[in-house]
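Notes for the one structure printed next.
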Amino acid sequence: MKNFIKTFLAIIFVGAVTYTCYEVSILSDRIHKIEDKLGGPIKIACTEKATIEKVRRSVVRVVGGESEGSGFAINKGGLILTNFHVIESEPSPKIVLPDNTFETGQVVMADRDADLAIIKISKDLPVLKLARLDIISPAEEVFSIGYPLGGSLPGEASVTRGSFSRFIKDKKNDVLYLNTDMTFVSGISGGPMVNISGEVVGINTAGLLLGGMGTAIASDSIREKCRQMSIAEDPLKDVKKTIFQPNKNALEAVRAFYNYLKVRRLEKAFELLSDNFVKGYSFEQWSYGYRPLLDTTIVIIKPDKKVDNRINIKLSTKDLVDNEIVYKYFEGYWDVRKISGTWLLWKPRVREVEDPDEDWFVDQDVKKQMEDLVKAHQDYKKYLPEMYRISQEQGNDQLSMQELYAKAKEIVSNSQNVVP
């Protein structure tokens, strides 16, 4: 009887152990599946809430004259990474920090082909770590964080969730991309794409591919391209330069005034104002109204055809007001005078324009010149790329379309006649 009881108990024990092992195996398999989905056992200990809160402290809004996007701290010393196309026409973008203050940044390195740029600011933000892509798993969950729709959508950085799909190689520019099932909108460009641990697997790059797929420049390419930029002979060759020549003529005096506002060198802008305009106000009094100014962009600037030293101008501005970017548009003119050998802004007549239409942004004189050029020269399309390049050179913005055409044709013809 005793042997029977012992045998019975042994059978029960073995059965219990076997059942327990079976349940543990099932549980282990489920845990492995969860780990695989989240990217491994280390990542399973991370929580979405903690990761997103951590990453948001490093993500900024990047505001340029013609573009807006996002960026994030990539290194100590106030170094911010973003896309080149966000700052392409703006060497001194405004950086709106997570606490809703802002600074004027300085582009220190850029690579147009890789679509990357590094901006320096004075404030240090928590640095995000670049992940090694050999640890990313198929269908792993990733998060894109940034400011979609730019300043038109106020508040903290938005979060988009998706899954990693595949790698895409750009052999021409030697850049690796991550493809995901997320859909990006303008403004999120330059923000980080992170895994559940908050490590950067890529930088959001909207608009590279058709089909609504969220694409990011992979972290391995970010690391290598940053290294290449840091040792480049001219790391700013792709960045538009702002040249100030306020004492050249009336036109350049007005242009310099607004460009000084753009880069927030308010003291230099104030120096270009005549006593007739200032009327006894101090710099502190005058500059008070420019505290929220993020950007001033010249839309059109040209001398008046009838009045000497009168400069006609159209402007767009961006102000940061209560965590929201407010857009305004202005048009009018400045009368400028040369006083004691210095060009100074004498008297303005500038008014705000509410909801300008598309034609407001078009220089009608240039439009008419282009129409005449098309009628006169059937081969104009052949020279358009060179015409555009010439127009972007410093001092050529006042050339007529016919002058640009003539210069472009001469350059192209000379290059074709060169014997290799």
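Going through the structure tokens in order, the chains are called A, B, and so on, while each chain numbers its residues from 1 and the ligands are numbered from 1 in the order shown.
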What are the closest atom pairs, with distances in Å to one decimal, for each residue of stretch 292-402 of chain A lying within 12 Å of stretch 79-91 of chain A, using only C-alpha atoms, rows by chain and rising residue number, as JSON lines?
{"residue": "A:Asp295", "atom": "CA", "partner": "A:Glu90", "partner_atom": "CA", "distance": 10.0}
{"residue": "A:Thr296", "atom": "CA", "partner": "A:Glu90", "partner_atom": "CA", "distance": 10.9}
{"residue": "A:Thr297", "atom": "CA", "partner": "A:Glu90", "partner_atom": "CA", "distance": 9.8}
{"residue": "A:Ile298", "atom": "CA", "partner": "A:Ser89", "partner_atom": "CA", "distance": 11.9}
{"residue": "A:Gln392", "atom": "CA", "partner": "A:Ser89", "partner_atom": "CA", "distance": 10.8}
(request) Would you kindly return, as a ChimeraX atom specification, each protein, DNA or RNA residue with an atom no farther than 12 Å from any atom of A:Lys123, considering only C-alpha atoms and excluding same-chain residues fewer than 3 positions away? (result) /A:58,60,73,75-80,95-99,101-105,119-120,126-127
Near A:Lys54, within 12 Å and counting only C-alpha atoms, which residues show up once chain neighbours fewer than 3 positions away are dropped, as a PDB file with N, CA and C atoms, in the first residue's frame?
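Listed below is the output, part25.pdb:
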ATOM      1  N   CYS A  46      11.574  48.923 -21.211  1.00  0.00           N
ATOM      2  CA  CYS A  46      11.284  50.343 -21.438  1.00  0.00           C
ATOM      3  C   CYS A  46       9.787  50.556 -21.613  1.00  0.00           C
ATOM      4  N   THR A  47       9.324  51.721 -21.245  1.00  0.00           N
ATOM      5  CA  THR A  47       7.915  52.059 -21.415  1.00  0.00           C
ATOM      6  C   THR A  47       7.775  53.202 -22.415  1.00  0.00           C
ATOM      7  N   GLU A  48       6.685  53.191 -23.166  1.00  0.00           N
ATOM      8  CA  GLU A  48       6.456  54.230 -24.165  1.00  0.00           C
ATOM      9  C   GLU A  48       6.412  55.611 -23.514  1.00  0.00           C
ATOM     10  N   LYS A  49       5.708  55.733 -22.404  1.00  0.00           N
ATOM     11  CA  LYS A  49       5.536  57.028 -21.759  1.00  0.00           C
ATOM     12  C   LYS A  49       6.871  57.620 -21.357  1.00  0.00           C
ATOM     13  N   ALA A  50       7.713  56.813 -20.691  1.00  0.00           N
ATOM     14  CA  ALA A  50       9.006  57.315 -20.227  1.00  0.00           C
ATOM     15  C   ALA A  50       9.899  57.679 -21.412  1.00  0.00           C
ATOM     16  N   THR A  51       9.880  56.857 -22.453  1.00  0.00           N
ATOM     17  CA  THR A  51      10.710  57.117 -23.627  1.00  0.00           C
ATOM     18  C   THR A  51      10.297  58.398 -24.329  1.00  0.00           C
ATOM     19  N   ARG A  57      12.230  66.088 -24.579  1.00  0.00           N
ATOM     20  CA  ARG A  57      13.090  67.110 -23.968  1.00  0.00           C
ATOM     21  C   ARG A  57      14.255  67.487 -24.869  1.00  0.00           C
ATOM     22  N   SER A  58      14.494  66.697 -25.913  1.00  0.00           N
ATOM     23  CA  SER A  58      15.614  66.951 -26.819  1.00  0.00           C
ATOM     24  C   SER A  58      15.178  67.441 -28.188  1.00  0.00           C
ATOM     25  N   VAL A  59      13.872  67.461 -28.449  1.00  0.00           N
ATOM     26  CA  VAL A  59      13.361  67.810 -29.781  1.00  0.00           C
ATOM     27  C   VAL A  59      12.982  69.286 -29.813  1.00  0.00           C
ATOM     28  N   PHE A  72      16.865  67.769 -33.290  1.00  0.00           N
ATOM     29  CA  PHE A  72      17.090  67.189 -31.969  1.00  0.00           C
ATOM     30  C   PHE A  72      18.570  67.275 -31.622  1.00  0.00           C
ATOM     31  N   ALA A  73      18.844  67.263 -30.316  1.00  0.00           N
ATOM     32  CA  ALA A  73      20.214  67.387 -29.829  1.00  0.00           C
ATOM     33  C   ALA A  73      20.997  66.122 -30.152  1.00  0.00           C
ATOM     34  N   PRO A  98      12.042  73.263 -26.135  1.00  0.00           N
ATOM     35  CA  PRO A  98      10.880  72.618 -25.512  1.00  0.00           C
ATOM     36  C   PRO A  98      10.180  73.484 -24.465  1.00  0.00           C
ATOM     37  N   LEU A 125      20.933  70.719 -24.600  1.00  0.00           N
ATOM     38  CA  LEU A 125      19.751  69.895 -24.380  1.00  0.00           C
ATOM     39  C   LEU A 125      20.196  68.450 -24.174  1.00  0.00           C
ATOM     40  N   PRO A 126      19.354  67.615 -23.561  1.00  0.00           N
ATOM     41  CA  PRO A 126      19.711  66.198 -23.412  1.00  0.00           C
ATOM     42  C   PRO A 126      20.005  65.572 -24.767  1.00  0.00           C
ATOM     43  N   VAL A 127      21.135  64.913 -24.874  1.00  0.00           N
ATOM     44  CA  VAL A 127      21.575  64.348 -26.150  1.00  0.00           C
ATOM     45  C   VAL A 127      20.920  62.985 -26.377  1.00  0.00           C
ATOM     46  N   LEU A 128      20.411  62.769 -27.591  1.00  0.00           N
ATOM     47  CA  LEU A 128      19.845  61.477 -27.951  1.00  0.00           C
ATOM     48  C   LEU A 128      20.940  60.594 -28.554  1.00  0.00           C
ATOM     49  N   LYS A 129      20.946  59.344 -28.163  1.00  0.00           N
ATOM     50  CA  LYS A 129      21.964  58.403 -28.611  1.00  0.00           C
ATOM     51  C   LYS A 129      21.560  57.775 -29.943  1.00  0.00           C
ATOM     52  N   ILE A 145       9.027  61.616 -33.816  1.00  0.00           N
ATOM     53  CA  ILE A 145       8.652  62.738 -32.952  1.00  0.00           C
ATOM     54  C   ILE A 145       9.089  64.040 -33.611  1.00  0.00           C
ATOM     55  N   ALA A 157       5.785  68.554 -29.027  1.00  0.00           N
ATOM     56  CA  ALA A 157       6.086  67.705 -30.180  1.00  0.00           C
ATOM     57  C   ALA A 157       5.104  66.548 -30.270  1.00  0.00           C
ATOM     58  N   VAL A 194      12.783  57.037 -33.254  1.00  0.00           N
ATOM     59  CA  VAL A 194      13.436  56.319 -32.158  1.00  0.00           C
ATOM     60  C   VAL A 194      12.789  54.957 -31.926  1.00  0.00           C
ATOM     61  N   ILE A 196      11.909  51.876 -28.862  1.00  0.00           N
ATOM     62  CA  ILE A 196      11.243  51.953 -27.566  1.00  0.00           C
ATOM     63  C   ILE A 196      12.190  52.383 -26.465  1.00  0.00           C
ATOM     64  N   SER A 197      13.503  52.253 -26.696  1.00  0.00           N
ATOM     65  CA  SER A 197      14.489  52.676 -25.703  1.00  0.00           C
ATOM     66  C   SER A 197      14.855  54.150 -25.833  1.00  0.00           C
ATOM     67  N   GLY A 198      14.325  54.815 -26.854  1.00  0.00           N
ATOM     68  CA  GLY A 198      14.646  56.221 -27.054  1.00  0.00           C
ATOM     69  C   GLY A 198      15.924  56.441 -27.835  1.00  0.00           C
ATOM     70  N   GLU A 199      16.473  55.377 -28.428  1.00  0.00           N
ATOM     71  CA  GLU A 199      17.660  55.513 -29.264  1.00  0.00           C
ATOM     72  C   GLU A 199      17.234  55.895 -30.682  1.00  0.00           C
TER      73      GLU A 199
END
(request) Report as a list in words: the residues of stretch 180-309 of chain A with a DSSP assignment of strand (DSSP E), based on the backbone of this structure. (result) Thr180, Pro192, Met193, Val194, Val200, Val201, Gly202, Ile203, Asn204, Thr215, Ala216, Ile217, Ala218, Leu293, Leu294, Asp295, Thr296, Thr297, Ile298, Val299, Ile300, Ile301, Lys302 and Pro303 of chain A
(message) Which residues are close to A:Asn259, i.e. within 12 Å by only C-alpha atoms, leaving aside same-chain residues fewer than 6 positions away? Reply as number ranges by chain.
(response) A: 65, 90-92, 241-246, 252-253, 265-266, 268-269, 272, 295-299, 315, 317
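Among the candidates A:Phe257, A:Tyr288, A:Tyr327, A:Trp346, the one nearest to A:Ser274 when counting only C-alpha atoms is A:Trp346.
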(request) For each of A:Asn414, A:Ser158, A:Thr20, A:Gln106, take the minimum atom-to-atom distance to A:Glu53, counting only C-alpha atoms, then give the residue where this is smallest. (result)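 Closest to A:Glu53, using only C-alpha atoms: A:Ser158.
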(message) Rounded to one decimal, what separation in Å do you get between atom CA of A:Glu352 and atom CA of A:Glu331?
(response)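 Taking atom CA of A:Glu352 and atom CA of A:Glu331, their separation equals 6.6 Å.
Note that the spacing between atom CA of A:Tyr177 and atom CA of A:Gly202 amounts to 7.8 Å.
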(message) Using DSSP secondary structure from the backbone, list all helix (DSSP H, G or I) positions within stretch 293-368 of chain A, as a list of chain:residue names.
(response)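 Going through stretch 293-368 of chain A, the helix (DSSP H, G or I) residues come out as A:Glu358, A:Asp359, A:Trp360, A:Phe361, A:Gln364, A:Asp365, A:Val366, A:Lys367, A:Lys368.
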Keeping only C-alpha atoms, write the selected residues to a file as a PDB file, in the first residue's frame.
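Saved result, out_18.pdb, follows:
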ATOM      1  CA  GLU A 358      -0.748  83.937 -54.735  1.00  0.00           C
ATOM      2  CA  ASP A 359      -0.107  86.869 -57.067  1.00  0.00           C
ATOM      3  CA  TRP A 360       1.014  88.980 -54.109  1.00  0.00           C
ATOM      4  CA  PHE A 361       4.172  86.892 -53.852  1.00  0.00           C
ATOM      5  CA  GLN A 364       4.834  91.308 -61.741  1.00  0.00           C
ATOM      6  CA  ASP A 365       7.740  93.045 -63.488  1.00  0.00           C
ATOM      7  CA  VAL A 366       9.724  89.798 -63.480  1.00  0.00           C
ATOM      8  CA  LYS A 367       6.652  87.897 -64.655  1.00  0.00           C
ATOM      9  CA  LYS A 368       6.282  90.284 -67.603  1.00  0.00           C
TER      10      LYS A 368
END
(request) For A:Ala406, list every protein, DNA or RNA residue within 10 Å, evaluated using only C-alpha atoms, and leave out those in the same chain fewer than 6 positions away; present the list as a ChimeraX atom specification. (result) /A:383,387,400
The selected residues should be written to file as an mmCIF file, in the first residue's frame (atoms: C-alpha atoms).
data_model
loop_
_atom_site.group_PDB
_atom_site.id
_atom_site.type_symbol
_atom_site.label_atom_id
_atom_site.label_comp_id
_atom_site.auth_asym_id
_atom_site.auth_seq_id
_atom_site.Cartn_x
_atom_site.Cartn_y
_atom_site.Cartn_z
ATOM 1 C CA TYR A 383 19.515 78.036 -70.217
ATOM 2 C CA MET A 387 19.977 81.517 -65.282
ATOM 3 C CA SER A 400 16.560 91.488 -65.754
#
(request) Please provide the set of residues having any atom within 10 Å of stretch 216-225 of chain A, restricted to only C-alpha atoms, with same-chain residues fewer than 6 positions apart removed, written as a PyMOL selection string. (result) chain A and resi 81+83+110-111+114-117+129-134+144+167-169+174-180+189-194+199-206+208
(request) Would you mind reading off the distance between atom CA of A:Lys382 and atom CA of A:Lys171, one decimal, in Å? (result) 28.5 Å
